[in-house]
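Peer 1: File upload-v8.csv follows (CSV, C-alpha atoms):
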```csv
chain,number,residue,atom,x,y,z
A,1,MET,CA,116.9,80.8,109.7
A,2,GLU,CA,114.7,79.4,107.0
A,3,GLY,CA,116.6,78.3,103.9
A,4,GLU,CA,115.8,80.0,100.6
A,5,LYS,CA,114.1,77.9,98.0
A,6,ALA,CA,114.9,78.1,94.3
A,7,LYS,CA,111.5,76.6,93.2
A,8,GLY,CA,107.9,76.6,94.4
A,9,ASN,CA,104.3,77.2,93.4
A,10,CYS,CA,104.2,80.8,94.5
A,11,LEU,CA,106.0,83.8,93.0
A,12,ALA,CA,107.0,86.6,95.3
A,13,TRP,CA,109.4,89.4,96.3
A,14,ALA,CA,111.3,89.0,99.5
A,15,ALA,CA,113.8,90.8,101.7
A,16,ARG,CA,116.9,88.7,102.5
A,17,ASP,CA,118.7,90.9,105.1
A,18,PRO,CA,118.3,94.0,107.2
A,19,SER,CA,118.9,96.3,104.2
A,20,GLY,CA,115.3,95.7,103.5
A,21,ILE,CA,115.9,95.5,99.7
A,22,LEU,CA,113.3,93.2,98.1
A,23,SER,CA,113.9,91.0,95.0
A,24,PRO,CA,112.2,88.1,93.3
A,25,TYR,CA,111.7,84.9,95.3
A,26,GLN,CA,109.9,81.6,94.9
A,27,PHE,CA,108.5,79.3,97.5
A,28,ASP,CA,105.7,76.7,98.1
A,29,ARG,CA,102.4,77.6,99.7
A,30,ARG,CA,100.8,74.8,101.7
A,31,ALA,CA,98.2,72.5,100.1
A,32,VAL,CA,94.6,73.5,100.7
A,33,GLY,CA,93.2,71.8,103.8
A,34,SER,CA,89.6,71.0,104.6
A,35,ASP,CA,89.0,74.4,106.2
A,36,ASP,CA,91.1,76.5,103.8
A,37,VAL,CA,90.5,78.9,101.1
A,38,ALA,CA,93.1,79.5,98.3
A,39,LEU,CA,93.1,82.7,96.4
A,40,GLU,CA,95.0,84.2,93.5
A,41,ILE,CA,96.2,87.5,94.8
A,42,LYS,CA,95.3,90.5,92.6
A,43,TYR,CA,96.3,93.4,94.7
A,44,CYS,CA,98.3,94.1,97.9
A,45,GLY,CA,98.5,97.3,99.8
A,46,VAL,CA,101.8,98.6,101.1
A,47,CYS,CA,101.8,99.4,104.9
A,48,TYR,CA,104.5,101.1,106.9
A,49,ALA,CA,104.8,97.7,108.8
A,50,ASP,CA,106.4,96.4,105.6
A,51,VAL,CA,109.2,99.0,106.0
A,52,TYR,CA,110.2,98.3,109.6
A,53,SER,CA,109.7,94.5,109.3
A,54,THR,CA,111.9,94.1,106.3
A,55,ARG,CA,114.6,96.2,108.0
A,56,HIS,CA,114.7,94.0,111.1
A,57,GLN,CA,112.7,96.3,113.4
A,58,PRO,CA,111.5,96.1,116.1
A,59,ASN,CA,110.8,92.5,117.1
A,60,GLY,CA,113.1,90.5,114.9
A,61,THR,CA,112.7,89.4,111.3
A,62,ILE,CA,113.0,85.9,109.9
A,63,TYR,CA,114.6,86.1,106.5
A,64,PRO,CA,113.7,85.7,103.7
A,65,LEU,CA,110.6,87.8,104.5
A,66,VAL,CA,107.7,88.3,102.1
A,67,PRO,CA,105.7,91.3,103.4
A,68,GLY,CA,102.2,92.4,102.7
A,69,HIS,CA,99.0,92.2,104.8
A,70,GLU,CA,96.4,94.1,102.8
A,71,ILE,CA,95.5,91.4,100.3
A,72,THR,CA,92.7,91.0,97.8
A,73,GLY,CA,92.1,88.4,95.2
A,74,VAL,CA,89.8,85.7,93.8
A,75,VAL,CA,89.1,82.3,95.3
A,76,THR,CA,90.6,79.5,93.2
A,77,GLU,CA,90.0,76.5,95.5
A,78,VAL,CA,88.1,75.7,98.8
A,79,GLY,CA,88.4,72.9,101.3
A,80,SER,CA,85.7,70.3,101.9
A,81,ASN,CA,84.5,71.9,105.1
A,82,VAL,CA,84.4,75.5,103.8
A,83,THR,CA,80.9,77.0,103.7
A,84,GLN,CA,81.4,80.7,103.4
A,85,PHE,CA,83.2,80.9,100.1
A,86,LYS,CA,83.2,79.4,96.6
A,87,VAL,CA,85.5,79.5,93.6
A,88,GLY,CA,85.3,82.9,91.9
A,89,ASP,CA,84.5,84.9,95.0
A,90,HIS,CA,86.3,88.2,95.6
A,91,VAL,CA,87.9,88.0,99.0
A,92,GLY,CA,90.5,89.6,101.2
A,93,VAL,CA,93.1,88.7,103.8
A,94,GLY,CA,94.2,91.2,106.5
A,95,THR,CA,96.9,91.4,109.2
A,96,TYR,CA,96.5,87.9,110.7
A,97,VAL,CA,95.9,84.4,109.4
A,98,ASN,CA,95.4,82.3,112.5
A,99,SER,CA,94.6,82.4,116.2
A,100,CYS,CA,93.7,79.8,118.8
A,101,LYS,CA,90.0,79.9,118.0
A,102,ASP,CA,89.2,78.8,121.6
A,103,CYS,CA,90.0,81.6,124.0
A,104,GLU,CA,87.5,84.3,125.2
A,105,ARG,CA,88.9,86.8,122.8
A,106,CYS,CA,88.4,84.6,119.8
A,107,SER,CA,84.9,83.7,121.0
A,108,LYS,CA,84.1,87.4,120.9
A,109,PHE,CA,85.6,87.8,117.4
A,110,LEU,CA,88.5,89.8,118.8
A,111,GLU,CA,91.0,87.5,117.2
A,112,VAL,CA,93.6,90.2,116.7
A,113,HIS,CA,93.9,90.3,120.5
A,114,CYS,CA,94.3,86.6,120.9
A,115,LYS,CA,97.6,85.8,122.7
A,116,LYS,CA,98.4,83.2,120.1
A,117,VAL,CA,97.5,85.3,117.0
A,118,VAL,CA,99.5,84.5,113.9
A,119,PHE,CA,100.4,87.5,111.7
A,120,THR,CA,100.2,87.3,108.0
A,121,PHE,CA,103.9,87.6,107.5
A,122,ASN,CA,106.9,87.0,109.7
A,123,GLY,CA,104.8,85.0,112.0
A,124,ILE,CA,105.2,81.4,113.2
A,125,ASP,CA,102.0,79.4,112.3
A,126,TYR,CA,100.7,76.5,114.3
A,127,ASP,CA,102.4,74.0,112.0
A,128,GLY,CA,105.8,75.6,112.6
A,129,THR,CA,106.0,77.3,109.2
A,130,ILE,CA,106.9,81.0,108.8
A,131,THR,CA,104.1,83.0,107.3
A,132,LYS,CA,104.6,84.9,104.1
A,133,GLY,CA,102.5,87.8,103.0
A,134,GLY,CA,100.8,89.3,100.0
A,135,TYR,CA,103.8,90.4,97.9
A,136,SER,CA,103.1,87.1,96.2
A,137,SER,CA,101.0,85.5,93.6
A,138,LEU,CA,98.8,83.3,95.8
A,139,ILE,CA,97.9,82.5,99.4
A,140,VAL,CA,96.1,79.8,101.4
A,141,VAL,CA,94.2,80.7,104.5
A,142,HIS,CA,91.7,79.3,107.0
A,143,GLU,CA,88.3,80.5,106.0
A,144,ARG,CA,87.8,82.3,109.3
A,145,TYR,CA,90.5,84.8,108.4
A,146,CYS,CA,89.2,85.4,104.9
A,147,PHE,CA,86.8,88.3,104.1
A,148,LYS,CA,84.1,88.6,101.4
A,149,ILE,CA,84.6,91.7,99.3
A,150,PRO,CA,81.1,93.1,98.6
A,151,ASP,CA,80.0,92.8,95.0
A,152,GLY,CA,81.1,95.7,92.8
A,153,TYR,CA,83.7,97.0,95.3
A,154,PRO,CA,87.0,97.3,93.3
A,155,LEU,CA,89.7,95.0,94.7
A,156,GLU,CA,92.4,97.5,94.4
A,157,PHE,CA,90.5,99.9,96.7
A,158,ALA,CA,89.5,97.1,99.1
A,159,ALA,CA,93.2,96.2,99.8
A,160,PRO,CA,94.1,99.2,102.1
A,161,LEU,CA,90.9,98.7,104.0
A,162,LEU,CA,92.3,95.5,105.5
A,163,CYS,CA,94.8,97.3,107.6
A,164,ALA,CA,94.6,101.1,107.2
A,165,GLY,CA,90.8,101.1,107.0
A,166,ILE,CA,90.0,98.8,109.9
A,167,THR,CA,92.7,100.3,112.1
A,168,VAL,CA,90.7,103.6,112.3
A,169,TYR,CA,87.2,102.2,111.8
A,170,LYS,CA,87.4,99.8,114.7
A,171,PRO,CA,88.2,102.4,117.5
A,172,MET,CA,85.9,105.0,115.9
A,173,MET,CA,83.0,102.5,116.2
A,174,HIS,CA,84.0,101.2,119.6
A,175,HIS,CA,84.2,104.7,121.1
A,176,LYS,CA,80.9,105.8,119.4
A,177,MET,CA,82.5,108.4,117.1
A,178,ASN,CA,79.7,107.9,114.6
A,179,GLN,CA,77.5,110.5,116.2
A,180,PRO,CA,76.5,113.2,113.6
A,181,GLY,CA,77.3,116.7,114.6
A,182,LYS,CA,80.1,115.8,116.9
A,183,SER,CA,83.6,117.1,116.3
A,184,LEU,CA,86.6,114.9,115.3
A,185,GLY,CA,90.3,115.8,115.1
A,186,VAL,CA,92.6,113.6,112.9
A,187,VAL,CA,96.3,113.9,113.7
A,188,GLY,CA,98.3,113.0,110.6
A,189,LEU,CA,97.1,112.8,107.0
A,190,GLY,CA,98.7,109.6,105.7
A,191,GLY,CA,97.3,106.2,104.9
A,192,LEU,CA,95.4,105.9,108.2
A,193,GLY,CA,94.7,109.6,108.6
A,194,HIS,CA,92.9,110.0,105.3
A,195,MET,CA,90.7,107.0,106.1
A,196,ALA,CA,89.8,108.5,109.5
A,197,VAL,CA,88.7,111.7,107.6
A,198,LYS,CA,86.7,109.7,105.2
A,199,PHE,CA,84.9,107.7,107.9
A,200,GLY,CA,84.4,110.9,109.9
A,201,LYS,CA,82.7,112.6,107.0
A,202,ALA,CA,80.5,109.5,106.4
A,203,PHE,CA,79.5,109.5,110.1
A,204,GLY,CA,78.4,113.2,109.8
A,205,LEU,CA,81.2,114.6,112.0
A,206,ASN,CA,82.9,118.0,111.8
A,207,VAL,CA,86.4,117.1,111.0
A,208,THR,CA,89.6,119.0,111.8
A,209,VAL,CA,92.9,117.7,110.3
A,210,PHE,CA,96.2,118.4,112.1
A,211,SER,CA,99.4,118.1,110.1
A,212,THR,CA,103.0,119.2,110.3
A,213,SER,CA,102.8,120.0,106.5
A,214,GLU,CA,101.1,123.1,105.3
A,215,SER,CA,101.0,121.5,101.8
A,216,LYS,CA,98.3,119.2,103.0
A,217,ARG,CA,95.8,122.0,103.8
A,218,ASP,CA,94.2,122.1,100.3
A,219,GLU,CA,93.9,118.3,100.1
A,220,ALA,CA,92.4,118.0,103.6
A,221,ILE,CA,89.7,120.6,102.9
A,222,ASN,CA,89.0,120.7,99.2
A,223,ILE,CA,89.6,117.0,98.4
A,224,LEU,CA,88.8,115.1,101.5
A,225,GLY,CA,86.2,117.5,102.8
A,226,ALA,CA,87.5,118.4,106.3
A,227,GLU,CA,86.0,121.5,107.8
A,228,LYS,CA,89.2,122.8,109.2
A,229,PHE,CA,93.0,122.4,108.9
A,230,VAL,CA,95.5,123.2,111.7
A,231,LEU,CA,99.2,123.4,111.2
A,232,SER,CA,100.4,121.6,114.3
A,233,SER,CA,103.7,123.6,114.5
A,234,ASP,CA,101.7,126.8,114.8
A,235,THR,CA,101.2,127.4,118.5
A,236,GLN,CA,98.4,129.9,118.1
A,237,GLN,CA,96.4,127.7,115.8
A,238,MET,CA,96.7,124.8,118.3
A,239,GLN,CA,95.7,127.0,121.3
A,240,GLU,CA,92.6,128.2,119.4
A,241,MET,CA,91.4,124.6,119.4
A,242,GLU,CA,91.3,124.2,123.2
A,243,SER,CA,88.2,122.2,124.3
A,244,LYS,CA,86.8,122.2,120.8
A,245,LEU,CA,86.8,118.5,120.0
A,246,ASP,CA,84.8,115.5,121.1
A,247,PHE,CA,87.1,112.9,119.6
A,248,ILE,CA,90.6,112.6,118.3
A,249,VAL,CA,92.2,109.8,116.2
A,250,ASP,CA,96.0,110.2,116.4
A,251,THR,CA,97.6,108.3,113.5
A,252,ALA,CA,101.1,109.9,113.8
A,253,ALA,CA,103.9,107.4,114.0
A,254,GLY,CA,106.7,109.8,115.0
A,255,ASP,CA,107.2,111.0,118.6
A,256,HIS,CA,105.1,114.1,119.4
A,257,PRO,CA,103.6,115.7,122.5
A,258,LEU,CA,100.1,114.6,123.5
A,259,ASP,CA,99.2,117.3,126.0
A,260,PRO,CA,98.4,119.9,123.3
A,261,TYR,CA,95.9,117.5,121.7
A,262,LEU,CA,94.4,116.3,125.0
A,263,ASN,CA,93.7,119.9,125.8
A,264,MET,CA,91.6,120.2,122.7
A,265,LEU,CA,89.1,117.6,124.0
A,266,ASP,CA,85.9,118.7,125.6
A,267,VAL,CA,84.7,117.2,128.9
A,268,HIS,CA,84.7,113.3,128.6
A,269,GLY,CA,86.4,113.6,125.2
A,270,ILE,CA,88.2,110.6,123.8
A,271,MET,CA,91.6,110.4,122.1
A,272,VAL,CA,92.7,107.2,120.4
A,273,LEU,CA,96.3,106.3,119.4
A,274,VAL,CA,96.6,104.1,116.4
A,275,GLY,CA,100.1,105.1,115.4
A,276,PHE,CA,103.3,103.7,117.1
A,277,PRO,CA,105.6,106.5,118.3
A,278,SER,CA,108.6,105.2,120.3
A,279,GLU,CA,107.2,106.6,123.5
A,280,ILE,CA,104.4,108.8,124.8
A,281,LYS,CA,104.7,111.6,127.4
A,282,LEU,CA,101.9,113.5,129.0
A,283,SER,CA,100.9,115.4,132.1
A,284,PRO,CA,98.3,113.6,134.2
A,285,ILE,CA,96.5,116.9,134.5
A,286,SER,CA,95.8,116.8,130.8
A,287,LEU,CA,93.6,113.8,131.4
A,288,SER,CA,92.2,114.7,134.8
A,289,ILE,CA,91.0,118.2,133.9
A,290,GLY,CA,88.0,117.6,131.8
A,291,ALA,CA,87.8,113.9,132.7
A,292,ARG,CA,89.4,113.1,129.3
A,293,ASN,CA,90.1,109.6,128.0
A,294,LEU,CA,93.2,108.2,126.2
A,295,ALA,CA,93.0,104.9,124.5
A,296,GLY,CA,94.9,102.7,122.1
A,297,SER,CA,93.9,100.4,119.3
A,298,VAL,CA,95.3,98.2,116.5
A,299,THR,CA,93.3,96.5,113.8
A,300,GLY,CA,90.0,94.7,114.3
A,301,GLY,CA,88.6,91.2,114.7
A,302,THR,CA,87.0,89.3,111.9
A,303,LYS,CA,83.4,90.4,112.6
A,304,ASP,CA,84.4,94.1,112.7
A,305,THR,CA,86.5,93.8,109.6
A,306,GLN,CA,83.7,92.3,107.5
A,307,SER,CA,81.3,95.0,108.8
A,308,MET,CA,83.7,97.7,107.8
A,309,LEU,CA,84.0,96.3,104.3
A,310,GLU,CA,80.3,96.3,103.9
A,311,TYR,CA,80.0,99.8,105.3
A,312,CYS,CA,82.6,101.1,102.8
A,313,ALA,CA,80.7,99.4,99.9
A,314,ALA,CA,77.3,100.8,101.0
A,315,HIS,CA,78.6,104.3,101.5
A,316,LYS,CA,81.0,104.3,98.5
A,317,ILE,CA,84.1,105.0,100.7
A,318,TYR,CA,87.3,104.4,98.7
A,319,PRO,CA,90.9,104.9,99.8
A,320,LYS,CA,93.1,107.2,97.7
A,321,ILE,CA,95.7,105.0,96.2
A,322,GLU,CA,98.7,105.0,93.9
A,323,LEU,CA,98.9,101.7,91.9
A,324,ILE,CA,102.3,100.3,91.3
A,325,LYS,CA,104.0,97.2,89.9
A,326,ILE,CA,106.0,94.9,92.2
A,327,ASN,CA,109.3,95.9,90.6
A,328,TYR,CA,108.8,99.5,91.9
A,329,ILE,CA,108.5,98.3,95.5
A,330,ASN,CA,111.9,99.4,96.8
A,331,GLU,CA,111.3,102.9,95.5
A,332,ALA,CA,107.8,102.9,97.0
A,333,LEU,CA,109.1,101.9,100.4
A,334,GLU,CA,111.7,104.7,100.3
A,335,ARG,CA,108.9,107.2,99.3
A,336,MET,CA,106.8,105.9,102.3
A,337,ILE,CA,109.7,106.8,104.6
A,338,LYS,CA,109.7,110.3,103.1
A,339,ASN,CA,105.9,110.5,103.4
A,340,ASP,CA,105.7,110.9,99.6
A,341,VAL,CA,102.5,109.0,98.8
A,342,LYS,CA,98.8,110.0,98.6
A,343,TYR,CA,97.8,108.0,100.5
A,344,ARG,CA,98.4,104.3,100.0
A,345,PHE,CA,100.6,102.4,97.5
A,346,VAL,CA,98.8,99.3,96.1
A,347,ILE,CA,100.7,96.7,94.2
A,348,ASP,CA,99.1,95.4,91.0
A,349,ILE,CA,100.1,91.8,91.8
A,350,GLU,CA,98.2,90.2,88.9
A,351,ASN,CA,100.1,92.2,86.3
A,352,SER,CA,103.4,92.1,88.1
A,353,PHE,CA,104.1,88.4,87.7
A,354,LYS,CA,103.0,87.9,84.1
```
Show me the file's structure as structure tokens.

Peer 2:
Amino acid sequence: MEGEKAKGNCLAWAARDPSGILSPYQFDRRAVGSDDVALEIKYCGVCYADVYSTRHQPNGTIYPLVPGHEITGVVTEVGSNVTQFKVGDHVGVGTYVNSCKDCERCSKFLEVHCKKVVFTFNGIDYDGTITKGGYSSLIVVHERYCFKIPDGYPLEFAAPLLCAGITVYKPMMHHKMNQPGKSLGVVGLGGLGHMAVKFGKAFGLNVTVFSTSESKRDEAINILGAEKFVLSSDTQQMQEMESKLDFIVDTAAGDHPLDPYLNMLDVHGIMVLVGFPSEIKLSPISLSIGARNLAGSVTGGTKDTQSMLEYCAAHKIYPKIELIKINYINEALERMIKNDVKYRFVIDIENSFK
């Protein structure tokens, strides 16, 4: 286990043990290499991955752990070989900070699927160091894994796009869910779900939101603009949707039956899972009847992520956020567990370490 340092050039908050409780921490970021970009972090979104990683789930945690992979900030230094960025640029860093750069997946800009991908926190980088995320004052990253935030797009709103946004945008584009007039179902209305609704509306889709919480009906329809809301615990409402949808984006993290949703797809309809339930169960007939498709997805590669940022800027798509200071993070993580946030916490890093 990495020893904790009392001094360093980077201020942060870290979890020290499986309790997941975070507290102030200080460590050294690496020196800027010839291909690197250094940025002063301004904002960092809070993802559910921050909850389960700090609490030693599911793949092991290396303590002390500094979470955060929805990072935006301003470039303070660039290496001698860097061509894409300059000091003062507004930039972002997402869920990974390295990959092999040589495999077929990397050559196709699908770096997130590289077998040697290095995640932004709790990963082992190629130099053997443990990666530490955006709950910190600065970060140094290879320019390939740094993204230009379009001019005028607020950094606090850009942060959630780097995980929540790209997680739904990538499969929606890959499966051609950007066809105006088609119908989209969105399962769950959290950080990912509300972005799927926003993209669906921008694509010209007729959007139906499915939620276990009746309290989200007004928000889904009157604030986010969905055409329909279905309470997923109401059997009659669910049955009335049979064969009504072309696409479904399922963002739910908890275990839930898939057959009722698959039955809502029309012939050749596509359902994409972007949440992580502990297991999935379905009857093969739910796929075979209607020749339906079930797919999975995570975040996107560097090319798709940059395209998504530019699309959001061009179409004025902004996540709904609650801005917090870093000293509120433990309460925020507990509220995430209780689904008590609309719809993404974003840490005001710049004003948290003054």

Peer 1: Quote the spacing between CA of Tyr318 (chain A) and CA of Glu111 (chain A) in Å to one decimal place.

Peer 2: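 Separating CA of Tyr318 (chain A) from CA of Glu111 (chain A) is a distance of 25.3 Å.
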
Peer 1: Between A:Val32, A:Glu240, A:Tyr43, A:Phe157, single out the one closest to Ile324 (chain A), counting all atoms listed in the file.

Peer 2: A:Tyr43

Peer 1: Give me the residues near region 257-261 of chain A as a ChimeraX atom specification, where near means some atom within 7 Å (using all atoms listed in the file) and where sequence neighbours in that chain fewer than 3 positions away do not count.

Peer 2: /A:264,281-283,286

Peer 1: Determine the nearest neighbour of Pro284 (chain A) from the options A:Ala314, A:Ala158, A:Leu262, A:Ile221, counting all atoms listed in the file.

Peer 2: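 Among A:Ala314, A:Ala158, A:Leu262, A:Ile221, it is A:Leu262 that comes nearest to Pro284 (chain A).
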
Peer 1: Which residues are near region 124-140 of chain A? Cut-off 7 Å, only C-alpha atoms, ignore same chain within fewer than 6 positions. Put them as a ChimeraX atom specification.

Peer 2: /A:10-13,29-30,32,36-41,44,65-69,71,118,349

Peer 1: What's the separation between CA of Thr95 (chain A) and CA of Leu224 (chain A), in Å to one decimal place?

Peer 2: 26.2 Å

Peer 1: Please determine, counting only C-alpha atoms, which residue among A:Phe276, A:Tyr343, A:Phe109, A:Phe27 has the shortest atom-to-atom distance to Ala220 (chain A).

Peer 2: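 Closest to Ala220 (chain A), using only C-alpha atoms: A:Tyr343.
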
Peer 1: To one decimal place, how far is CA of His194 (chain A) from CA of Val75 (chain A) in Å?

Peer 2: 29.7 Å

Peer 1: Env of Asn330 (chain A): 7 Å cut, atoms = all atoms listed in the file, seq-sep filter 2 positions within chain, self excluded. Answer as a ChimeraX atom specification.

Peer 2: /A:21-22,328,332-334

Peer 1: Show which residues sit within 9 Å of Gly165 (chain A), as a VMD selection string. Count all atoms listed in the file, and ignore same-chain residues fewer than 2 positions away.

Peer 2: chain A and resid 158 160 to 163 167 to 170 191 to 192 195 to 196 199 299 305 308 to 309 319

Peer 1: Give as number ranges by chain each residue that has an atom at most 12 Å from (89.0, 120.4, 101.6) in the file, counting only C-alpha atoms.

Peer 2: A: 194, 197-198, 201, 207-209, 216-229

Peer 1: Please determine, counting all atoms listed in the file, which residue among A:Ile317, A:Ile329, A:Leu265, A:Val186 has the shortest atom-to-atom distance to Leu294 (chain A).

Peer 2: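 That would be A:Leu265, the residue with the smallest distance to Leu294 (chain A).
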
Peer 1: List as a PDB file with C-alpha atoms, in the coordinates of the input the protein and nucleic acid residues near Tyr52 (chain A), meaning an atom at most 12 Å away when all atoms listed in the file are counted, but skip any in the same chain fewer than 3 places from it.

Peer 2:
```pdb
ATOM      1  CA  ALA A  15     113.800  90.800 101.700  1.00  0.00           C
ATOM      2  CA  PRO A  18     118.300  94.000 107.200  1.00  0.00           C
ATOM      3  CA  SER A  19     118.900  96.300 104.200  1.00  0.00           C
ATOM      4  CA  GLY A  20     115.300  95.700 103.500  1.00  0.00           C
ATOM      5  CA  ILE A  21     115.900  95.500  99.700  1.00  0.00           C
ATOM      6  CA  VAL A  46     101.800  98.600 101.100  1.00  0.00           C
ATOM      7  CA  CYS A  47     101.800  99.400 104.900  1.00  0.00           C
ATOM      8  CA  TYR A  48     104.500 101.100 106.900  1.00  0.00           C
ATOM      9  CA  ALA A  49     104.800  97.700 108.800  1.00  0.00           C
ATOM     10  CA  ARG A  55     114.600  96.200 108.000  1.00  0.00           C
ATOM     11  CA  HIS A  56     114.700  94.000 111.100  1.00  0.00           C
ATOM     12  CA  GLN A  57     112.700  96.300 113.400  1.00  0.00           C
ATOM     13  CA  PRO A  58     111.500  96.100 116.100  1.00  0.00           C
ATOM     14  CA  ASN A  59     110.800  92.500 117.100  1.00  0.00           C
ATOM     15  CA  GLY A  60     113.100  90.500 114.900  1.00  0.00           C
ATOM     16  CA  THR A  61     112.700  89.400 111.300  1.00  0.00           C
ATOM     17  CA  LEU A  65     110.600  87.800 104.500  1.00  0.00           C
ATOM     18  CA  PRO A  67     105.700  91.300 103.400  1.00  0.00           C
ATOM     19  CA  ASN A 122     106.900  87.000 109.700  1.00  0.00           C
ATOM     20  CA  ALA A 253     103.900 107.400 114.000  1.00  0.00           C
ATOM     21  CA  PHE A 276     103.300 103.700 117.100  1.00  0.00           C
ATOM     22  CA  LEU A 333     109.100 101.900 100.400  1.00  0.00           C
ATOM     23  CA  GLU A 334     111.700 104.700 100.300  1.00  0.00           C
ATOM     24  CA  MET A 336     106.800 105.900 102.300  1.00  0.00           C
ATOM     25  CA  ILE A 337     109.700 106.800 104.600  1.00  0.00           C
TER      26      ILE A 337
END
```

Peer 1: Smallest atom-to-atom distance to Met177 (chain A): which of A:Val117, A:Leu245, A:Ile149, A:Leu189, using all atoms listed in the file?

Peer 2: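 Distance minimum relative to Met177 (chain A) lands on A:Leu245.
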
Peer 1: Check the smallest atom-to-atom distance from each of A:His315, A:His142, A:Ala164, A:Lys342 to Gly33 (chain A) using all atoms listed in the file, then report the winner.

Peer 2: A:His142
